[in-house]
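Structure data (compact mmCIF, C-alpha atoms and all ligand atoms) from input09.txt:
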# COMPACT_ATOMS: atom_id res chain seq x y z
CA MET Y 1 4.32 -38.14 -29.73
CA MET Y 2 4.18 -37.32 -25.99
CA SER Y 3 2.87 -39.96 -23.59
CA THR Y 4 0.28 -38.97 -20.93
CA THR Y 5 3.00 -39.26 -18.26
CA GLN Y 6 5.31 -36.93 -20.20
CA LEU Y 7 2.48 -34.43 -20.72
CA LEU Y 8 1.55 -34.44 -17.02
CA THR Y 9 5.24 -34.06 -16.06
CA ALA Y 10 5.58 -31.07 -18.41
CA VAL Y 11 2.42 -29.40 -17.00
CA GLY Y 12 3.63 -30.10 -13.43
CA ALA Y 13 7.04 -28.58 -14.20
CA LEU Y 14 5.37 -25.47 -15.66
CA VAL Y 15 3.16 -25.04 -12.58
CA VAL Y 16 6.18 -25.44 -10.24
CA ALA Y 17 8.23 -22.95 -12.31
CA GLN Y 18 5.41 -20.39 -12.35
CA THR Y 19 4.72 -20.75 -8.59
CA THR Y 20 8.45 -20.42 -7.80
CA TYR Y 21 8.71 -17.31 -9.98
CA SER Y 22 5.66 -15.69 -8.32
CA LEU Y 23 7.00 -16.54 -4.85
CA LEU Y 24 10.43 -15.09 -5.65
CA ARG Y 25 8.79 -11.89 -6.96
CA VAL Y 26 6.84 -11.53 -3.69
CA LEU Y 27 9.93 -12.24 -1.55
CA ALA Y 28 11.89 -9.63 -3.53
CA VAL Y 29 9.38 -6.94 -2.44
CA TYR Y 30 10.04 -7.63 1.24
CA PHE Y 31 13.65 -8.75 1.32
CA GLY Y 32 15.16 -7.23 -1.84
CA PRO Y 33 16.51 -3.68 -1.98
CA SER Y 34 13.97 -0.86 -1.60
CA ARG Y 35 13.22 1.27 -4.66
CA VAL Y 36 11.98 4.31 -2.76
CA GLY Y 37 15.20 6.13 -3.76
CA ARG Y 38 13.95 6.44 -7.36
CA TYR Y 39 11.62 9.23 -6.13
CA LEU Y 40 14.54 11.18 -4.68
CA HIS Y 41 15.65 12.96 -7.82
CA GLY Y 42 18.07 15.20 -5.96
CA PRO Y 43 18.13 17.57 -2.99
CA HIS Y 44 14.86 19.23 -4.07
CA SER Y 45 12.40 16.30 -4.00
CA TYR Y 46 9.42 16.59 -1.64
CA ALA Y 47 7.14 13.98 -0.10
CA LEU Y 48 3.65 15.15 0.87
CA ILE Y 49 2.18 13.11 3.75
CA THR Y 50 -1.37 13.52 5.00
CA GLY Y 51 -2.21 12.79 8.64
CA ALA Y 52 1.43 13.21 9.61
CA THR Y 53 1.01 14.29 13.25
CA ASP Y 54 0.63 10.80 14.71
CA GLY Y 55 0.81 7.05 14.16
CA ILE Y 56 1.79 5.66 10.77
CA GLY Y 57 1.92 9.04 8.99
CA LYS Y 58 4.36 10.46 11.54
CA GLY Y 59 6.48 7.27 11.35
CA VAL Y 60 6.59 7.49 7.54
CA ALA Y 61 7.58 11.19 7.77
CA HIS Y 62 10.56 10.24 9.97
CA GLU Y 63 11.65 7.47 7.58
CA LEU Y 64 11.41 9.61 4.44
CA TYR Y 65 13.18 12.55 6.12
CA LYS Y 66 16.04 10.20 7.12
CA LYS Y 67 16.27 9.13 3.47
CA GLY Y 68 16.77 12.74 2.35
CA PHE Y 69 13.29 13.86 1.25
CA ASN Y 70 12.03 17.35 1.94
CA LEU Y 71 8.58 17.14 3.51
CA ILE Y 72 5.15 18.72 3.30
CA LEU Y 73 3.33 17.55 6.42
CA HIS Y 74 -0.43 17.71 6.64
CA GLY Y 75 -2.44 17.79 9.87
CA ARG Y 76 -5.41 19.49 11.49
CA ASN Y 77 -3.76 20.47 14.77
CA GLU Y 78 -1.20 23.29 14.54
CA GLU Y 79 0.43 22.48 17.90
CA LYS Y 80 0.92 18.80 17.03
CA LEU Y 81 2.31 19.74 13.61
CA LYS Y 82 4.82 22.15 15.19
CA LYS Y 83 5.94 19.43 17.60
CA VAL Y 84 6.50 16.90 14.79
CA VAL Y 85 8.49 19.48 12.79
CA GLU Y 86 10.70 20.14 15.85
CA GLU Y 87 11.27 16.40 16.38
CA LEU Y 88 12.22 15.95 12.73
CA LYS Y 89 14.52 18.98 12.65
CA ALA Y 90 16.28 17.68 15.77
CA SER Y 91 17.07 14.47 13.86
CA GLY Y 92 19.42 16.63 11.77
CA SER Y 93 18.86 15.83 8.07
CA GLY Y 94 18.65 19.57 7.35
CA ARG Y 95 16.05 19.19 4.58
CA ASP Y 96 13.12 21.60 4.23
CA ILE Y 97 9.83 20.93 6.07
CA ARG Y 98 6.57 22.71 5.22
CA THR Y 99 3.19 22.26 6.81
CA TRP Y 100 -0.40 22.31 5.58
CA ILE Y 101 -3.34 22.56 7.96
CA ALA Y 102 -6.71 21.25 6.76
CA ASP Y 103 -9.50 19.31 8.43
CA ALA Y 104 -10.15 16.30 6.19
CA ASN Y 105 -13.67 16.02 7.62
CA ARG Y 106 -14.70 19.29 5.98
CA ALA Y 107 -16.12 19.67 2.48
CA ASP Y 108 -14.72 23.20 2.03
CA VAL Y 109 -10.97 22.44 1.94
CA ASP Y 110 -9.34 24.67 -0.70
CA PHE Y 111 -7.24 22.14 -2.62
CA ALA Y 112 -6.46 24.57 -5.45
CA ALA Y 113 -4.96 27.08 -2.98
CA ALA Y 114 -2.95 24.29 -1.33
CA ALA Y 115 -1.52 23.14 -4.68
CA ALA Y 116 -0.79 26.76 -5.69
CA GLN Y 117 1.44 27.29 -2.62
CA TRP Y 118 3.51 24.21 -3.67
CA GLU Y 119 3.67 25.26 -7.32
CA GLY Y 120 7.47 25.65 -7.49
CA LEU Y 121 8.24 22.50 -5.50
CA GLU Y 122 9.21 19.15 -6.99
CA ILE Y 123 6.70 16.83 -5.29
CA THR Y 124 7.62 13.22 -6.13
CA LEU Y 125 5.71 11.26 -3.47
CA VAL Y 126 2.20 11.73 -2.07
CA ILE Y 127 1.27 9.51 0.87
CA HIS Y 128 -2.51 9.55 1.30
CA ASN Y 129 -2.45 8.38 4.90
CA VAL Y 130 -5.29 10.29 6.57
CA GLY Y 131 -8.26 8.04 7.28
CA SER Y 132 -10.28 6.39 9.99
CA ALA Y 133 -13.79 5.35 10.97
CA PRO Y 134 -14.62 4.12 14.43
CA VAL Y 135 -15.83 0.69 15.45
CA ARG Y 136 -19.48 1.47 16.22
CA GLU Y 137 -21.91 -0.38 18.45
CA SER Y 138 -24.63 0.12 15.86
CA THR Y 139 -25.41 -1.29 12.40
CA ILE Y 140 -25.51 1.37 9.63
CA ASP Y 141 -29.24 2.12 10.03
CA GLY Y 142 -28.40 3.35 13.54
CA ILE Y 143 -25.62 5.70 12.40
CA ALA Y 144 -26.54 9.30 11.53
CA ALA Y 145 -26.36 9.96 7.78
CA GLY Y 146 -24.06 12.94 8.44
CA GLU Y 147 -21.55 10.69 10.22
CA LEU Y 148 -21.47 8.29 7.28
CA LEU Y 149 -20.94 11.18 4.87
CA THR Y 150 -18.08 12.48 7.01
CA ASP Y 151 -16.41 9.04 6.87
CA ILE Y 152 -16.59 9.21 3.06
CA GLN Y 153 -15.43 12.84 3.03
CA ARG Y 154 -12.31 12.10 5.13
CA ASN Y 155 -11.36 8.69 3.75
CA ASP Y 156 -12.25 9.09 0.05
CA LEU Y 157 -13.11 12.61 -1.10
CA PHE Y 158 -10.12 14.20 0.65
CA PRO Y 159 -7.53 11.95 -1.09
CA LEU Y 160 -9.46 12.09 -4.39
CA LEU Y 161 -9.59 15.90 -4.51
CA LEU Y 162 -6.02 16.29 -3.24
CA THR Y 163 -4.86 13.92 -6.00
CA ARG Y 164 -6.81 15.95 -8.57
CA ALA Y 165 -5.08 19.14 -7.39
CA VAL Y 166 -1.48 17.85 -7.39
CA LEU Y 167 -1.55 15.47 -10.38
CA PRO Y 168 -0.43 18.06 -13.01
CA GLN Y 169 2.53 18.97 -10.80
CA LEU Y 170 3.55 15.31 -10.36
CA ARG Y 171 3.41 14.80 -14.13
CA ARG Y 172 5.81 17.72 -14.63
CA ALA Y 173 8.51 16.25 -12.35
CA ALA Y 174 11.82 15.41 -14.01
CA GLY Y 175 11.60 11.73 -12.99
CA PRO Y 176 9.22 9.12 -11.58
CA THR Y 177 6.60 10.07 -8.99
CA GLN Y 178 4.17 7.94 -6.97
CA LEU Y 179 0.82 8.35 -5.25
CA VAL Y 180 0.49 5.94 -2.31
CA PHE Y 181 -2.95 5.18 -0.88
CA VAL Y 182 -3.10 3.83 2.67
CA GLY Y 183 -5.79 1.19 2.74
CA SER Y 184 -6.77 -1.52 5.15
CA LEU Y 185 -7.16 -5.28 5.10
CA SER Y 186 -10.72 -4.56 6.22
CA SER Y 187 -11.40 -3.68 2.57
CA ALA Y 188 -10.62 -7.27 1.57
CA PHE Y 189 -12.64 -9.07 4.28
CA PRO Y 190 -16.30 -8.55 5.27
CA ILE Y 191 -15.61 -7.40 8.83
CA PRO Y 192 -18.74 -6.51 10.85
CA ARG Y 193 -19.23 -3.18 12.70
CA ILE Y 194 -16.81 -1.27 10.45
CA VAL Y 195 -18.88 -1.35 7.27
CA PRO Y 196 -18.18 2.32 6.27
CA TYR Y 197 -14.47 1.89 7.00
CA GLY Y 198 -14.01 -1.24 4.85
CA ALA Y 199 -16.11 0.26 2.04
CA THR Y 200 -14.19 3.57 1.97
CA LYS Y 201 -10.88 1.70 1.85
CA ALA Y 202 -12.15 -0.48 -1.03
CA PHE Y 203 -12.83 2.79 -2.90
CA LEU Y 204 -9.15 3.71 -2.45
CA ARG Y 205 -8.01 0.32 -3.78
CA GLN Y 206 -9.97 0.86 -7.02
CA LEU Y 207 -9.10 4.57 -7.25
CA SER Y 208 -5.41 3.71 -7.01
CA ALA Y 209 -5.53 0.88 -9.58
CA ALA Y 210 -7.66 2.76 -12.13
CA LEU Y 211 -5.70 5.99 -11.71
CA GLY Y 212 -2.43 4.14 -12.35
CA SER Y 213 -3.93 2.60 -15.48
CA ASP Y 214 -5.28 6.00 -16.60
CA GLU Y 215 -1.84 7.61 -16.30
CA ALA Y 216 -0.29 4.77 -18.33
CA PHE Y 217 -3.06 5.14 -20.96
CA ARG Y 218 -2.44 8.88 -21.11
CA ALA Y 219 1.34 8.46 -21.51
CA ARG Y 220 1.03 5.45 -23.88
CA SER Y 221 4.36 4.29 -22.35
CA THR Y 222 5.87 4.23 -18.86
CA PRO Y 223 4.07 7.09 -17.09
CA ASN Y 224 5.71 9.65 -14.82
CA VAL Y 225 3.01 9.05 -12.21
CA THR Y 226 2.40 5.58 -10.77
CA THR Y 227 0.13 4.52 -7.93
CA LEU Y 228 0.38 2.03 -5.08
CA TYR Y 229 -2.36 0.82 -2.73
CA MET Y 230 -1.07 -0.42 0.63
CA ASP Y 231 -3.19 -2.95 2.55
CA VAL Y 232 -2.54 -2.26 6.23
CA GLY Y 233 -3.29 -4.79 8.98
CA SER Y 234 -3.24 -4.24 12.73
CA VAL Y 235 -0.75 -1.52 13.83
CA ALA Y 236 -0.46 0.02 17.31
CA SER Y 237 -1.09 3.76 16.94
CA ASN Y 238 -3.07 6.64 18.42
CA ALA Y 239 -6.19 5.37 16.63
CA HIS Y 240 -5.51 1.75 17.58
CA LYS Y 241 -4.36 1.66 21.18
CA THR Y 242 -3.26 -1.90 21.73
CA ASP Y 243 -0.23 -3.92 22.85
CA VAL Y 244 2.64 -4.29 20.43
CA SER Y 245 3.31 -7.84 19.21
CA LEU Y 246 4.64 -9.55 16.07
CA MET Y 247 1.20 -9.26 14.44
CA THR Y 248 0.64 -5.70 15.72
CA PRO Y 249 3.85 -3.69 15.24
CA ALA Y 250 4.30 -0.20 16.65
CA ALA Y 251 3.61 2.53 14.08
CA GLU Y 252 7.30 3.54 13.98
CA ALA Y 253 8.45 -0.03 13.24
CA PHE Y 254 5.65 -0.53 10.70
CA ALA Y 255 6.67 2.69 8.92
CA LYS Y 256 10.05 1.16 8.01
CA HIS Y 257 8.30 -1.73 6.19
CA PHE Y 258 5.88 0.73 4.57
CA VAL Y 259 8.64 2.95 3.18
CA HIS Y 260 10.63 -0.10 2.04
CA CYS Y 261 7.71 -1.09 -0.24
CA ILE Y 262 7.24 2.32 -1.92
CA GLY Y 263 8.08 1.95 -5.62
CA CYS Y 264 7.95 -1.87 -5.46
CA GLY Y 265 6.38 -2.03 -8.92
CA ARG Y 266 3.13 -3.70 -7.85
CA ALA Y 267 -0.35 -2.15 -7.98
CA SER Y 268 -1.02 -3.12 -4.37
CA VAL Y 269 0.97 -4.60 -1.53
CA ILE Y 270 0.61 -5.69 2.09
CA PRO Y 271 3.69 -3.83 3.35
CA TYR Y 272 4.30 -5.78 6.58
CA TRP Y 273 5.25 -9.38 5.65
CA PRO Y 274 3.74 -11.06 8.78
CA HIS Y 275 0.38 -9.50 7.77
CA ALA Y 276 0.88 -10.85 4.23
CA LEU Y 277 1.54 -14.34 5.61
CA GLN Y 278 -1.52 -14.08 7.89
CA THR Y 279 -3.72 -12.97 4.96
CA CYS Y 280 -2.46 -15.82 2.82
CA THR Y 281 -3.27 -18.35 5.57
CA VAL Y 282 -6.73 -16.86 6.19
CA GLY Y 283 -7.41 -17.12 2.45
CA PHE Y 284 -7.41 -20.94 2.76
CA LEU Y 285 -10.21 -20.96 5.35
CA PRO Y 286 -13.71 -21.98 4.25
CA ASP Y 287 -16.23 -19.07 4.40
CA SER Y 288 -17.99 -20.31 7.55
CA LEU Y 289 -14.70 -20.60 9.47
CA LEU Y 290 -13.51 -17.23 8.12
CA GLN Y 291 -16.70 -15.59 9.38
CA LYS Y 292 -16.16 -17.06 12.86
CA GLU Y 293 -12.59 -15.68 12.91
CA LEU Y 294 -13.77 -12.22 11.77
CA PHE Y 295 -16.45 -12.17 14.49
CA LYS Y 296 -13.85 -13.14 17.10
CA ALA Y 297 -11.49 -10.42 15.88
CA MET Y 298 -14.27 -7.79 16.07
CA GLU Y 299 -15.27 -8.88 19.58
CA ALA Y 300 -11.63 -8.43 20.65
CA GLU Y 301 -11.62 -4.92 19.07
CA MET Y 302 -14.83 -4.00 20.91
CA ASP Y 303 -13.33 -5.20 24.23
CA LEU Y 304 -10.24 -3.11 23.52
CA LEU Y 305 -12.37 -0.01 22.93
CA LYS Y 306 -14.16 -0.50 26.26
CA LYS Y 307 -10.75 -0.42 28.01
CA HIS Y 308 -9.86 3.03 26.56
N1 LIG Y 401 -3.59 1.41 13.02
C1 LIG Y 401 -4.14 0.40 12.38
O1 LIG Y 401 -4.31 -0.73 12.93
C2 LIG Y 401 -4.56 0.56 10.95
C3 LIG Y 401 -5.07 -0.56 10.27
C4 LIG Y 401 -5.45 -0.43 8.95
C5 LIG Y 401 -5.33 0.79 8.31
N2 LIG Y 401 -4.87 1.87 8.98
C6 LIG Y 401 -4.83 3.16 8.26
O2 LIG Y 401 -3.60 3.82 8.50
C7 LIG Y 401 -3.79 5.24 8.41
C8 LIG Y 401 -3.19 5.91 9.65
O3 LIG Y 401 -3.83 5.40 10.80
P1 LIG Y 401 -3.15 5.45 12.24
O4 LIG Y 401 -3.54 4.19 12.91
O5 LIG Y 401 -1.73 5.83 12.15
O6 LIG Y 401 -4.00 6.64 12.92
P2 LIG Y 401 -3.58 7.77 13.98
O7 LIG Y 401 -2.48 7.30 14.85
O8 LIG Y 401 -4.84 8.21 14.63
O9 LIG Y 401 -3.04 8.95 13.04
C9 LIG Y 401 -3.93 9.54 12.12
C10 LIG Y 401 -3.37 10.83 11.59
O10 LIG Y 401 -4.37 11.42 10.75
C11 LIG Y 401 -4.74 12.70 11.29
N3 LIG Y 401 -6.18 12.96 11.11
C12 LIG Y 401 -7.20 12.19 11.53
N4 LIG Y 401 -8.38 12.76 11.18
C13 LIG Y 401 -8.06 13.91 10.54
C14 LIG Y 401 -8.84 14.94 9.94
N5 LIG Y 401 -10.16 14.91 9.96
N6 LIG Y 401 -8.19 15.97 9.36
C15 LIG Y 401 -6.84 16.03 9.34
N7 LIG Y 401 -6.05 15.09 9.90
C16 LIG Y 401 -6.66 14.05 10.49
C17 LIG Y 401 -4.41 12.60 12.75
O11 LIG Y 401 -4.35 13.92 13.28
P3 LIG Y 401 -4.46 14.20 14.87
O12 LIG Y 401 -3.06 13.94 15.37
O13 LIG Y 401 -4.88 15.61 14.93
O14 LIG Y 401 -5.47 13.22 15.40
C18 LIG Y 401 -3.09 11.86 12.66
O15 LIG Y 401 -2.06 12.69 12.23
C19 LIG Y 401 -5.30 5.45 8.25
O16 LIG Y 401 -5.60 5.64 6.89
C20 LIG Y 401 -5.88 4.14 8.74
O17 LIG Y 401 -7.13 3.88 8.16
C21 LIG Y 401 -4.49 1.78 10.29
With the file now loaded, output its structure as structure tokens.
Amino acid sequence: MMSTTQLLTAVGALVVAQTTYSLLRVLAVYFGPSRVGRYLHGPHSYALITGATDGIGKGVAHELYKKGFNLILHGRNEEKLKKVVEELKASGSGRDIRTWIADANRADVDFAAAAAQWEGLEITLVIHNVGSAPVRESTIDGIAAGELLTDIQRNDLFPLLLTRAVLPQLRRAAGPTQLVFVGSLSSAFPIPRIVPYGATKAFLRQLSAALGSDEAFRARSTPNVTTLYMDVGSVASNAHKTDVSLMTPAAEAFAKHFVHCIGCGRASVIPYWPHALQTCTVGFLPDSLLQKELFKAMEAEMDLLKKH
């Protein structure tokens, strides 16, 4: 019969083994080899990236093009799209680049027509990157209802309806495909003054997780279509004009970490490891201290906005 000391030692050893295993699995995502190549089935695989004319979306387009993907770039500004296509072509990979113009703020986007023009293409990656909602001076009762609806239209309905339109095509691909949803750490913390933003990103987290589960349920085995929700922290971009630092990488640098994590096998990931470390540390704070830190962070954001 086991003594109490032996029992406690066995439980302790189990806890240490399980913690070490979990830690190694997390480290493998950041420092192990990337599995994004599994979505490059050959010279004909396409990645569709929304909001690809600036910031993170443009950075991700550059990274995926370098890796040999053909691209479908989405934007709302024809001139900016043309410029990004020229930049990419000059980088010399020689793969195909198509464009799709649609204003994600509008309720009348023709998703069926968009999907029909890509019918013969092998789309293996969809990066749902478009999204934003400003830091507002007002609480939600001071924001026009139309503005709130537009936030939901752009951040949630646009990726939902685009997913609905391209899902059958992704399922038909000869190998694995992935839908990546660009979220925000603001969906995990109750940050003031960006209530609609955090809430719309939380919708994406659940959409991604449930959709992944639904595809697995449908296939009753490993599905062709998997999903990944990416929790993004502070990144210097067109939408977030701030100084670059370790905790706020430039969009181009961040995009390398983002692409590295595609296909990592998890349902959600914080793609930039310093943000993951920061989130882990913040998780240990008591609620009252956490709230103080969130207030401080929002005051800094509001000061930043006044400068621009
Ligand atoms: N930067 C951060 O600190 C941060 C933090 C957390 C999460 N994120 C998320 O990361 C994603 C990218 O953000 P970002 O910082 O890279 O922003 P960004 O630099 O402003 O780039 C946004 C891209 O989306 C396009 N876009 C915006 N509204 C659109 C609309 N209504 N219709 C069509 N295209 C539209 C922009 O087009 P134009 O070039 O025409 O403006 C641009 O190509 C977003 O989902 C954002 O929520 C960013």
| field | Point-to-point distance from CA of His240 in chain Y to atom N1 of ligand LIG 401 (chain Y), Å rounded to tenths | value |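 So the two atoms, CA of His240 in chain Y and atom N1 of ligand LIG 401 (chain Y), lie 5.0 Å apart.
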Quick one: contact table of range 75-194 of chain Y to range 226-231 of chain Y, 8 Å max, nearest atom pair and distance in Å to one decimal per residue, counting all atoms listed in the file, chain and number order, as CSV?
residue,atom,partner,partner_atom,distance
Y:Pro176,CA,Y:Thr226,CA,7.7
Y:Thr177,CA,Y:Thr226,CA,6.4
Y:Gln178,CA,Y:Thr226,CA,4.8
Y:Leu179,CA,Y:Thr227,CA,4.7
Y:Val180,CA,Y:Leu228,CA,4.8
Y:Phe181,CA,Y:Tyr229,CA,4.8
Y:Val182,CA,Y:Met230,CA,5.1
Y:Gly183,CA,Y:Asp231,CA,4.9
Y:Ser184,CA,Y:Asp231,CA,4.6
Y:Leu185,CA,Y:Asp231,CA,5.3
| field | Best match for closeness to ligand LIG 401 (chain Y) among Y:Val26, Y:Leu211, Y:Leu7, Y:Val244, counting all atoms listed in the file | value |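 That would be Y:Val244, the residue with the smallest distance to ligand LIG 401 (chain Y).
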| task | Give the residues close to ligand LIG 401 (chain Y), within 8 Å, counting all atoms listed in the file; write them as a ChimeraX atom specification. | result | /Y:50-58,74-77,80,101-106,128-133,154-155,182-186,197,201,231-240,248,251
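Between CA of Glu137 in chain Y and CA of Met302 in chain Y lies a distance of 8.3 Å.
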| For His275 in chain Y, which of Y:Ala210, Y:Tyr30, Y:Ile72, Y:Pro134 is the closest residue, counting only C-alpha atoms? | Y:Tyr30
| remark: Between Y:Thr20, Y:Pro192, Y:Val109, Y:Thr9, smallest distance to Glu293 in chain Y by all atoms listed in the file belongs to Y:Pro192
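Take the candidates Y:Leu149, Y:Ala253, Y:Leu285, Y:Val135 and check each one against Val60 in chain Y using only C-alpha atoms; the shortest distance goes to Y:Ala253.
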| task | Would you mind listing what lies within 12 Å of Thr163 in chain Y as a VMD selection string, with all atoms listed in the file counted and same-chain residues fewer than 2 positions away left out? | result | chain Y and resid 48 50 111 to 112 114 to 115 123 125 to 128 156 to 161 165 to 171 178 to 181 204 207 to 208 211 to 212 225 227
| query | What is the distance, in Å and to one decimal place, between CA of Pro274 in chain Y and CA of Pro190 in chain Y? | reply |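 Interatomic distance, CA of Pro274 in chain Y to CA of Pro190 in chain Y: 20.5 Å.
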| query | Pick from Y:Ser45, Y:Glu147, Y:Ile97, Y:Phe189: nearest to Gln291 in chain Y, with all atoms listed in the file counted? | reply |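 Ranked by minimum distance to Gln291 in chain Y, first place goes to Y:Phe189.
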| If you count only C-alpha atoms, which residues fall within 9 Å of Ser34 in chain Y, apart from same-chain ones fewer than 3 positions away, as a list in words? |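 Listed by chain and then number, they are Val29, Tyr30, Phe31, Gly37, Val259, His260, Cys261, Ile262, Gly263 and Cys264 of chain Y.
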Using the structure just given, write a file holding all heavy atoms for range 148-155 of chain Y, as a CSV table (one decimal), in the first residue's frame.
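The new file result24.csv reads:
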chain,number,residue,atom,x,y,z
Y,148,LEU,N,-22.6,51.5,-34.9
Y,148,LEU,CA,-22.4,50.2,-34.2
Y,148,LEU,C,-22.7,49.0,-35.2
Y,148,LEU,O,-22.0,48.0,-35.2
Y,148,LEU,CB,-23.3,50.0,-33.0
Y,148,LEU,CG,-23.0,51.0,-31.8
Y,148,LEU,CD1,-24.1,50.8,-30.7
Y,148,LEU,CD2,-21.7,50.7,-31.2
Y,149,LEU,N,-23.8,49.2,-36.0
Y,149,LEU,CA,-24.1,48.2,-36.9
Y,149,LEU,C,-23.0,48.0,-38.0
Y,149,LEU,O,-22.8,46.9,-38.4
Y,149,LEU,CB,-25.5,48.5,-37.6
Y,149,LEU,CG,-26.7,48.4,-36.6
Y,149,LEU,CD1,-28.0,48.8,-37.3
Y,149,LEU,CD2,-26.9,47.0,-36.1
Y,150,THR,N,-22.4,49.2,-38.4
Y,150,THR,CA,-21.4,49.1,-39.4
Y,150,THR,C,-20.1,48.3,-38.8
Y,150,THR,O,-19.5,47.6,-39.5
Y,150,THR,CB,-21.0,50.5,-39.9
Y,150,THR,OG1,-22.1,51.1,-40.4
Y,150,THR,CG2,-19.9,50.4,-40.9
Y,151,ASP,N,-19.9,48.5,-37.5
Y,151,ASP,CA,-18.8,47.8,-36.9
Y,151,ASP,C,-19.0,46.3,-37.0
Y,151,ASP,O,-18.1,45.5,-37.3
Y,151,ASP,CB,-18.6,48.2,-35.4
Y,151,ASP,CG,-18.1,49.6,-35.2
Y,151,ASP,OD1,-17.5,50.1,-36.1
Y,151,ASP,OD2,-18.2,50.1,-34.0
Y,152,ILE,N,-20.3,45.9,-36.7
Y,152,ILE,CA,-20.6,44.5,-36.8
Y,152,ILE,C,-20.6,44.0,-38.2
Y,152,ILE,O,-20.1,42.8,-38.5
Y,152,ILE,CB,-22.0,44.2,-36.1
Y,152,ILE,CG1,-22.0,44.6,-34.6
Y,152,ILE,CG2,-22.5,42.8,-36.3
Y,152,ILE,CD1,-23.3,44.7,-33.9
Y,153,GLN,N,-21.1,44.8,-39.1
Y,153,GLN,CA,-21.1,44.4,-40.6
Y,153,GLN,C,-19.6,44.1,-41.0
Y,153,GLN,O,-19.3,43.1,-41.6
Y,153,GLN,CB,-21.6,45.6,-41.4
Y,153,GLN,CG,-21.7,45.4,-42.9
Y,153,GLN,CD,-22.7,44.4,-43.2
Y,153,GLN,OE1,-23.8,44.4,-42.8
Y,153,GLN,NE2,-22.3,43.4,-44.1
Y,154,ARG,N,-18.7,45.0,-40.7
Y,154,ARG,CA,-17.3,44.9,-41.2
Y,154,ARG,C,-16.6,43.8,-40.5
Y,154,ARG,O,-15.9,43.0,-41.1
Y,154,ARG,CB,-16.6,46.3,-41.0
Y,154,ARG,CG,-15.1,46.3,-41.4
Y,154,ARG,CD,-14.5,47.6,-41.1
Y,154,ARG,NE,-14.7,48.0,-39.7
Y,154,ARG,CZ,-15.5,49.0,-39.2
Y,154,ARG,NH1,-16.3,49.7,-40.1
Y,154,ARG,NH2,-15.6,49.3,-37.9
Y,155,ASN,N,-16.7,43.7,-39.2
Y,155,ASN,CA,-15.9,42.8,-38.4
Y,155,ASN,C,-16.4,41.4,-38.3
Y,155,ASN,O,-15.6,40.5,-38.1
Y,155,ASN,CB,-15.7,43.4,-37.0
Y,155,ASN,CG,-14.9,44.7,-36.9
Y,155,ASN,OD1,-14.4,45.1,-38.0
Y,155,ASN,ND2,-14.7,45.2,-35.7
